Number of protein chains: 2
Amino acid sequence: MSKLVIIGGGGAGLTAALTAKKTNRKVDVTIITERELSYSACALPFVISGEIGKLEDIYESMELICSKSNIGCIIDAATSVDTGKKIVKTAKNGSFSYDSLIIATGGMPAKPPVKGVNLENIFTLCSVEDARSIMEKVDNSKNAVVIGGGAIGIEAAVALVDLGLSVTLIEGFDHVLCRFFDPEYLEIIEDRLKEKKVELVLGHFVEEIVGEKEVVSVKVAGKEIPADLIIMATGVRPNSKIAEDAGIETLKCGIKTDWLMQTSIKDVYAAGDCAYSKSMITGKLMLSQLGTTAVRHGTVVGMNAVGETVAFEGVLGSMALKIFDFEVGRTGLTESDAKVEGIDVVSGRVKHTTKAKYYPGHKEIDMKLIFNIVDRRIIGGQVIGGETVAKEVDLLALAIAQQATIEDLIGLGYSYTPPLAPSHNIVVLAAENAHRKIMRLEKMRKKKC
Amino acid sequence: MSKLVIIGGGGAGLTAALTAKKTNRKVDVTIITERELSYSACALPFVISGEIGKLEDIYESMELICSKSNIGCIIDAATSVDTGKKIVKTAKNGSFSYDSLIIATGGMPAKPPVKGVNLENIFTLCSVEDARSIMEKVDNSKNAVVIGGGAIGIEAAVALVDLGLSVTLIEGFDHVLCRFFDPEYLEIIEDRLKEKKVELVLGHFVEEIVGEKEVVSVKVAGKEIPADLIIMATGVRPNSKIAEDAGIETLKCGIKTDWLMQTSIKDVYAAGDCAYSKSMITGKLMLSQLGTTAVRHGTVVGMNAVGETVAFEGVLGSMALKIFDFEVGRTGLTESDAKVEGIDVVSGRVKHTTKAKYYPGHKEIDMKLIFNIVDRRIIGGQVIGGETVAKEVDLLALAIAQQATIEDLIGLGYSYTPPLAPSHNIVVLAAENAHRKIMRLEKMRKKKC
């Protein structure tokens, strides 16, 4: 019987194991993981906020999940890989031979090298233990500081405001979520955060965390902000050491993979936060580190490691985020990204409603589509508003993957009924807006000739 | 200045007028319509149910809309078209010359040739006046019968139940919505209707409507069902007489069009419920008669009539429907349709949740995807469940139009965050389900060889 060993039991590792078993029941699959619990770290902010009732709701026993699917589960730390002998060794002196290996070791929360960073009541938000510690501390806290304005940082800030704390969010770049949206949307997002009493300090890095044993305040931008607790949401550093030590090719900070998500060594695959994979649009290798990317990596390597040949279609960076009662989402390139890549674009933007405008409970929604002006194909989209944002993002992600043009989107055969969707579809309207811009450009060019 | 005349001010006619103006502001656009009010007939059931507070909320003055966009608005009935002299005449002795003409005359509610069909308190549900009459009658009614189990019939039945009436829905075919879903979903839909106390009489046509002046009962399937009011939702017959009289080619019951939605006469276009257009999948001419099709026709003819060259991409029959707290949607071919067309298919079906399963308020959702087994391209999809169904339909409609394969959908770069969407996407899961079926089929074939 062919043997598949997977190092890591997060989203990528577990998806790979389950996919491998579904693909070929005869393969002997073993996960080696230090995690006794299986959960999505993306759920943690919503446990802290109280939206999800109990911490126990979000996790399941790793061993139980594995045993249900006839997958071996070793709770242990993999310490080395011998890619010649095809053996993985573990901290508890385990030795596991494999025919195929998947490295899905994830990442470690990155902490900035700032004075005071190791004081008490400074937390990351990556594990069930982190969430438990934060929830214990929140009860006797008034002031919180969140460092890092990415998705997790924003969700953490929202959760703490919902619990009644005074919250300051510090982001070293000029905007929160700055890799993900164009400035016109970033301003709206930041206004929403401010309206809901999240104090924003943007464009400044933390200078010092002040305290003796416990944190007392944070020095930033010439101010000293009181803090009973701090959440560090400053990204994740890939765990690629075991791969590097095994002679597997790594890039700046993660494992290099090819189109099948295979590493530089045959029969060794990498997936999830530790693995580079290609951008669907630029074709360049990138670290995505989204939960969905981990699952998608896991699906591909789970199939390829047991003999299928499935290409990883590439990362679009699709994201959805709930900020209080406001939803934001995006996929593909922003206009700013496109500029960096040297792609000339035309965009279309509209504001619309999520249901018929006369149907009670409809919400506002605002969408921008970005097209390559040369071939008129969509390369990115951003959506903000009241509901269904995640689903709009999924449609745009499909449109990008399928290289849909402005005209294709104008022709979208959408559905309509007043309580669920308006008679005019927002994607069509945004594409029409872009189409008119192109027509105007063409007319101007003709006049000049 | 070039002149565009549009006969009809419904979804198709008005969209065409607005699109023409947006495309070329210099064109002189005139709508000739008998409708003083502009509204979507799809909104009427929700006014009757009380979900939309006031009838006035759903309509706007036709003249006001037109004047805002500098479109001429003639409230009158077009009586004839002279395609040689390019002149339209009206009942009030108007005479309008055109360079381009759009016929968007819509349809008339079809009434079955049954004894008693002209008694009092039998209503159609196509106009604001219809809705007003029904609302007046509902107040002193106990028993209602809806004839016709299409979308409008179901929405009307739901509205009347919500108002506390005893409702019987009669459908001559064996199922409600039978053109739109496969049997396994039809059963679920019908069970939902029955749970909510809609009495269903399926597979029987009405034999007689009983009453002297006012309706008293309906005879069907050997029973006599008491009825204080009846809603006839038995479809719409295209208004194509004016076209036929003008020598424009018509088919069985509507106007024939080409890929630009131009009729058999140059510079004369047709759009909306009166016009045939092509199925995106089979390429055959069909009458779609959905509100969205009318809008999409209107967009295409609005551009083509002022000099653009835009193909109508074809009808998918995308539909969404709210049945009490339950949503249903579909697009493309059903498995039953595919059989009729001689297309061999493989399907994938999954049940899933609309948000993370541990996030409160998530709902169940059930999706079936249908693929052509030869090229693995998606040709249809059906979704039922608690929320976001309309948006799932839109994504599937795009997938069909872009000829996405099973593998393309498995690679979908979707978004995820627990309060908005689960970590595994339902489209991906359904595609994976179909993929595994195909793999099993291939293995079985290899074994046989």
# chains A, B, ... in the order shown; residues from 1 in each chain; ligands from 1

call {"tool": "residues_around", "arguments": {"residues": "range 376-391 of chain B", "least_positions_apart": "4", "cutoff": "8 Å", "atoms": "only C-alpha atoms", "output": "ChimeraX atom specification"}}
result
/A:388,391-392,415-416,420-421 /B:181,185,281,319-320,325-334,354,363-372,395-397,399-400,403-406

call {"tool": "residues_around", "arguments": {"residues": "Glu120 in chain A", "least_positions_apart": "4", "cutoff": "8 Å", "atoms": "only C-alpha atoms", "output": "PDB file with N, CA, C and O atoms, in the first residue's frame"}}
result
ATOM      1  N   LYS A 213       6.127  44.586  34.351  1.00  0.00           N
ATOM      2  CA  LYS A 213       5.886  43.160  34.105  1.00  0.00           C
ATOM      3  C   LYS A 213       4.782  43.058  33.044  1.00  0.00           C
ATOM      4  O   LYS A 213       4.923  42.410  32.011  1.00  0.00           O
ATOM      5  N   GLU A 214       3.701  43.806  33.332  1.00  0.00           N
ATOM      6  CA  GLU A 214       2.578  43.825  32.393  1.00  0.00           C
ATOM      7  C   GLU A 214       2.655  45.079  31.523  1.00  0.00           C
ATOM      8  O   GLU A 214       3.228  46.089  31.922  1.00  0.00           O
ATOM      9  N   VAL A 215       2.044  44.993  30.358  1.00  0.00           N
ATOM     10  CA  VAL A 215       2.008  46.150  29.477  1.00  0.00           C
ATOM     11  C   VAL A 215       1.154  47.264  30.102  1.00  0.00           C
ATOM     12  O   VAL A 215       0.142  46.996  30.758  1.00  0.00           O
TER      13      VAL A 215
END

call {"tool": "select_by_dssp", "arguments": {"residues": "range 262-342 of chain A", "states": "strand (DSSP E)", "output": "PyMOL selection string"}}
result
chain A and resi 268-270+277-278+285-286+319-323+326-332

call {"tool": "closest_atom_pairs", "arguments": {"of": "range 221-279 of chain A", "to": "range 190-211 of chain A", "cutoff": "9 Å", "atoms": "only C-alpha atoms", "output": "Markdown table"}}
result
| residue | atom | partner | partner_atom | distance |
| --- | --- | --- | --- | --- |
| A:Ala221 | CA | A:His204 | CA | 5.8 |
| A:Gly222 | CA | A:Glu207 | CA | 8.8 |
| A:Glu224 | CA | A:Val210 | CA | 8.8 |

call {"tool": "write_last_selection", "arguments": {"atoms": "all heavy atoms", "output": "short mmCIF file (atom, residue, chain, number, x, y, z; two decimals), in the first residue's frame"}}
result
data_model
loop_
_atom_site.label_atom_id
_atom_site.label_comp_id
_atom_site.auth_asym_id
_atom_site.auth_seq_id
_atom_site.Cartn_x
_atom_site.Cartn_y
_atom_site.Cartn_z
N ALA A 221 3.85 57.44 17.26
CA ALA A 221 3.55 58.75 16.68
C ALA A 221 3.61 59.87 17.72
O ALA A 221 2.79 60.78 17.72
CB ALA A 221 2.17 58.74 16.02
N GLY A 222 4.59 59.78 18.62
CA GLY A 222 4.78 60.82 19.61
C GLY A 222 3.77 60.80 20.74
O GLY A 222 3.79 61.65 21.64
N GLU A 224 1.51 58.45 23.80
CA GLU A 224 1.58 57.24 24.62
C GLU A 224 0.15 56.78 24.88
O GLU A 224 -0.63 57.48 25.52
CB GLU A 224 2.32 57.54 25.93
CG GLU A 224 2.61 56.28 26.72
CD GLU A 224 3.70 56.47 27.78
OE1 GLU A 224 4.44 57.49 27.73
OE2 GLU A 224 3.79 55.61 28.68
#

call {"tool": "residues_around", "arguments": {"residues": "Ile225 in chain A", "least_positions_apart": "3", "cutoff": "10 Å", "atoms": "only C-alpha atoms", "output": "PyMOL selection string"}}
result
chain A and resi 143-145+167-168+209-210+216-222

call {"tool": "write_last_selection", "arguments": {"atoms": "C-alpha atoms", "output": "tab-separated table (two decimals), in the first residue's frame"}}
result
chain	number	residue	atom	x	y	z
A	143	ASN	CA	-8.01	49.92	26.97
A	144	ALA	CA	-6.79	47.72	24.17
A	145	VAL	CA	-4.28	48.28	21.40
A	167	VAL	CA	-9.54	50.33	21.09
A	168	THR	CA	-6.65	51.83	19.18
A	209	ILE	CA	5.74	49.02	24.49
A	210	VAL	CA	5.87	50.39	28.02
A	216	VAL	CA	0.87	49.66	30.47
A	217	SER	CA	1.01	51.69	27.26
A	218	VAL	CA	2.24	51.89	23.72
A	219	LYS	CA	4.42	54.68	22.36
A	220	VAL	CA	3.59	55.58	18.78
A	221	ALA	CA	3.55	58.75	16.68
A	222	GLY	CA	4.78	60.82	19.61

call {"tool": "closest_residue", "arguments": {"among": "B:Ser240, B:Ser61, B:Asn70, B:Thr19", "to": "chain A", "atoms": "only C-alpha atoms"}}
result
B:Thr19

call {"tool": "atom_distance", "arguments": {"atom1": "CA of Pro419 in chain A", "atom2": "CA of Tyr359 in chain A"}}
result
6.2 Å

call {"tool": "atom_distance", "arguments": {"atom1": "CA of Ala270 in chain B", "atom2": "CA of Ser318 in chain B"}}
result
20.7 Å

call {"tool": "atom_distance", "arguments": {"atom1": "CA of Lys322 in chain B", "atom2": "CA of Glu184 in chain B"}}
result
18.2 Å

call {"tool": "residues_around", "arguments": {"residues": "Asn304 in chain B", "least_positions_apart": "5", "cutoff": "12 Å", "atoms": "only C-alpha atoms", "output": "ChimeraX atom specification"}}
result
/B:4,16-17,19-21,23-24,100-102,258-262,266-271,297-299,309-312

call {"tool": "residues_around", "arguments": {"residues": "range 63-68 of chain B", "least_positions_apart": "3", "cutoff": "9 Å", "atoms": "only C-alpha atoms", "output": "MDAnalysis selection string"}}
result
chainID B and resid 14 17:18 30:31 36:38 60 71:75

call {"tool": "residues_around", "arguments": {"residues": "range 127-134 of chain A", "least_positions_apart": "4", "cutoff": "7 Å", "atoms": "only C-alpha atoms", "output": "list in words"}}
result
Ala41, Leu44, Ile48, Phe123 and Val138 of chain A

call {"tool": "write_last_selection", "arguments": {"atoms": "C-alpha atoms", "output": "PDB file, in the first residue's frame"}}
result
ATOM      1  CA  ALA A  41      -7.894  30.565  13.137  1.00  0.00           C
ATOM      2  CA  LEU A  44     -11.047  33.259  16.727  1.00  0.00           C
ATOM      3  CA  ILE A  48     -13.674  36.740  21.422  1.00  0.00           C
ATOM      4  CA  PHE A 123      -1.147  38.327  22.710  1.00  0.00           C
ATOM      5  CA  VAL A 138     -10.629  41.261  28.448  1.00  0.00           C
TER       6      VAL A 138
END

call {"tool": "residues_around", "arguments": {"residues": "range 274-279 of chain A", "least_positions_apart": "4", "cutoff": "7 Å", "atoms": "only C-alpha atoms", "output": "MDAnalysis selection string"}}
result
chainID A and resid 104:107 238:240 254:257 270 283:287 314:316

call {"tool": "write_last_selection", "arguments": {"atoms": "all heavy atoms", "output": "CSV table (one decimal), in the first residue's frame"}}
result
chain,number,residue,atom,x,y,z
A,104,ALA,N,3.1,20.9,5.3
A,104,ALA,CA,2.1,21.9,5.5
A,104,ALA,C,2.2,22.4,6.9
A,104,ALA,O,1.4,22.3,7.8
A,104,ALA,CB,0.7,21.3,5.3
A,105,THR,N,3.4,23.0,7.2
A,105,THR,CA,3.8,23.3,8.5
A,105,THR,C,3.3,24.7,9.0
A,105,THR,O,3.6,25.2,10.1
A,105,THR,CB,5.4,23.3,8.6
A,105,THR,OG1,5.9,23.8,7.4
A,105,THR,CG2,5.9,21.9,8.8
A,106,GLY,N,2.6,25.4,8.1
A,106,GLY,CA,2.0,26.7,8.4
A,106,GLY,C,3.0,27.8,8.8
A,106,GLY,O,4.1,27.8,8.2
A,107,GLY,N,2.7,28.6,9.7
A,107,GLY,CA,3.5,29.7,10.1
A,107,GLY,C,3.5,30.1,11.5
A,107,GLY,O,2.6,29.5,12.3
A,238,PRO,N,6.4,32.0,7.7
A,238,PRO,CA,6.3,30.6,7.3
A,238,PRO,C,7.3,29.7,8.1
A,238,PRO,O,8.4,30.1,8.3
A,238,PRO,CB,6.7,30.6,5.8
A,238,PRO,CG,6.4,32.0,5.4
A,238,PRO,CD,6.7,32.9,6.5
A,239,ASN,N,6.8,28.6,8.5
A,239,ASN,CA,7.6,27.5,9.1
A,239,ASN,C,8.3,26.7,8.0
A,239,ASN,O,7.8,25.7,7.6
A,239,ASN,CB,6.8,26.6,10.0
A,239,ASN,CG,6.3,27.3,11.3
A,239,ASN,OD1,7.0,28.2,11.8
A,239,ASN,ND2,5.2,26.9,11.8
A,240,SER,N,9.4,27.1,7.5
A,240,SER,CA,10.0,26.4,6.4
A,240,SER,C,11.4,25.8,6.8
A,240,SER,O,12.1,25.3,5.9
A,240,SER,CB,10.1,27.3,5.2
A,240,SER,OG,10.8,28.5,5.5
A,254,GLY,N,9.8,31.1,2.5
A,254,GLY,CA,8.8,30.0,2.4
A,254,GLY,C,9.3,29.0,1.3
A,254,GLY,O,10.4,29.2,0.7
A,255,ILE,N,8.5,28.0,1.2
A,255,ILE,CA,9.0,26.9,0.3
A,255,ILE,C,8.5,27.1,-1.1
A,255,ILE,O,7.4,27.4,-1.4
A,255,ILE,CB,8.4,25.5,0.8
A,255,ILE,CG1,8.8,25.3,2.3
A,255,ILE,CG2,8.8,24.4,-0.1
A,255,ILE,CD1,8.0,24.2,3.0
A,256,LYS,N,9.4,26.9,-2.1
A,256,LYS,CA,9.1,27.1,-3.5
A,256,LYS,C,8.4,25.9,-4.0
A,256,LYS,O,8.7,24.8,-3.6
A,256,LYS,CB,10.5,27.3,-4.3
A,256,LYS,CG,10.3,27.7,-5.7
A,256,LYS,CD,11.6,27.8,-6.4
A,256,LYS,CE,11.4,28.0,-7.9
A,256,LYS,NZ,12.7,28.0,-8.6
A,257,THR,N,7.4,26.1,-4.8
A,257,THR,CA,6.6,25.0,-5.4
A,257,THR,C,6.5,25.2,-6.9
A,257,THR,O,6.6,26.3,-7.4
A,257,THR,CB,5.2,24.9,-4.8
A,257,THR,OG1,4.4,26.0,-5.2
A,257,THR,CG2,5.2,24.8,-3.3
A,270,ALA,N,4.4,20.9,-1.0
A,270,ALA,CA,4.2,21.9,0.1
A,270,ALA,C,2.9,22.6,-0.1
A,270,ALA,O,2.4,22.8,-1.2
A,270,ALA,CB,5.3,22.9,0.1
A,283,GLY,N,1.4,35.5,-12.6
A,283,GLY,CA,2.2,34.3,-12.8
A,283,GLY,C,3.4,34.2,-11.9
A,283,GLY,O,4.2,33.3,-11.9
A,284,LYS,N,3.6,35.3,-11.0
A,284,LYS,CA,4.7,35.3,-10.1
A,284,LYS,C,4.5,34.5,-8.9
A,284,LYS,O,3.3,34.5,-8.4
A,284,LYS,CB,5.0,36.8,-9.7
A,284,LYS,CG,5.5,37.6,-10.9
A,284,LYS,CD,5.8,39.0,-10.4
A,284,LYS,CE,6.1,40.0,-11.6
A,284,LYS,NZ,6.1,41.4,-11.2
A,285,LEU,N,5.5,33.9,-8.3
A,285,LEU,CA,5.4,33.2,-7.0
A,285,LEU,C,5.1,34.2,-5.9
A,285,LEU,O,5.7,35.3,-5.9
A,285,LEU,CB,6.6,32.4,-6.8
A,285,LEU,CG,6.8,31.0,-7.5
A,285,LEU,CD1,8.1,30.4,-7.3
A,285,LEU,CD2,5.7,30.1,-7.1
A,286,MET,N,4.2,33.8,-5.0
A,286,MET,CA,3.9,34.7,-3.9
A,286,MET,C,3.4,33.9,-2.7
A,286,MET,O,3.1,32.7,-2.8
A,286,MET,CB,2.7,35.6,-4.4
A,286,MET,CG,1.5,34.9,-4.7
A,286,MET,SD,0.1,36.0,-5.2
A,286,MET,CE,-0.4,36.7,-3.7
A,287,LEU,N,3.5,34.6,-1.6
A,287,LEU,CA,3.0,33.9,-0.3
A,287,LEU,C,1.6,34.5,-0.1
A,287,LEU,O,1.4,35.7,0.0
A,287,LEU,CB,3.8,34.4,0.9
A,287,LEU,CG,5.0,33.5,1.2
A,287,LEU,CD1,5.7,34.1,2.5
A,287,LEU,CD2,4.7,32.1,1.5
A,314,GLY,N,-3.7,29.0,-9.2
A,314,GLY,CA,-3.1,30.3,-8.9
A,314,GLY,C,-3.9,31.1,-7.8
A,314,GLY,O,-5.1,30.8,-7.6
A,315,VAL,N,-3.2,32.0,-7.2
A,315,VAL,CA,-3.8,32.8,-6.1
A,315,VAL,C,-4.4,34.1,-6.7
A,315,VAL,O,-3.8,34.7,-7.5
A,315,VAL,CB,-2.7,33.1,-5.1
A,315,VAL,CG1,-3.2,34.1,-4.1
A,315,VAL,CG2,-2.2,31.9,-4.4
A,316,LEU,N,-5.6,34.4,-6.2
A,316,LEU,CA,-6.2,35.6,-6.6
A,316,LEU,C,-6.3,36.6,-5.4
A,316,LEU,O,-6.6,37.7,-5.5
A,316,LEU,CB,-7.7,35.4,-7.1
A,316,LEU,CG,-7.8,34.9,-8.5
A,316,LEU,CD1,-9.2,34.5,-8.8
A,316,LEU,CD2,-7.3,35.9,-9.4

call {"tool": "closest_residue", "arguments": {"among": "A:Ile152, A:Ala78, A:Ala227, A:Ala12", "to": "Pro109 in chain A", "atoms": "only C-alpha atoms"}}
result
A:Ile152
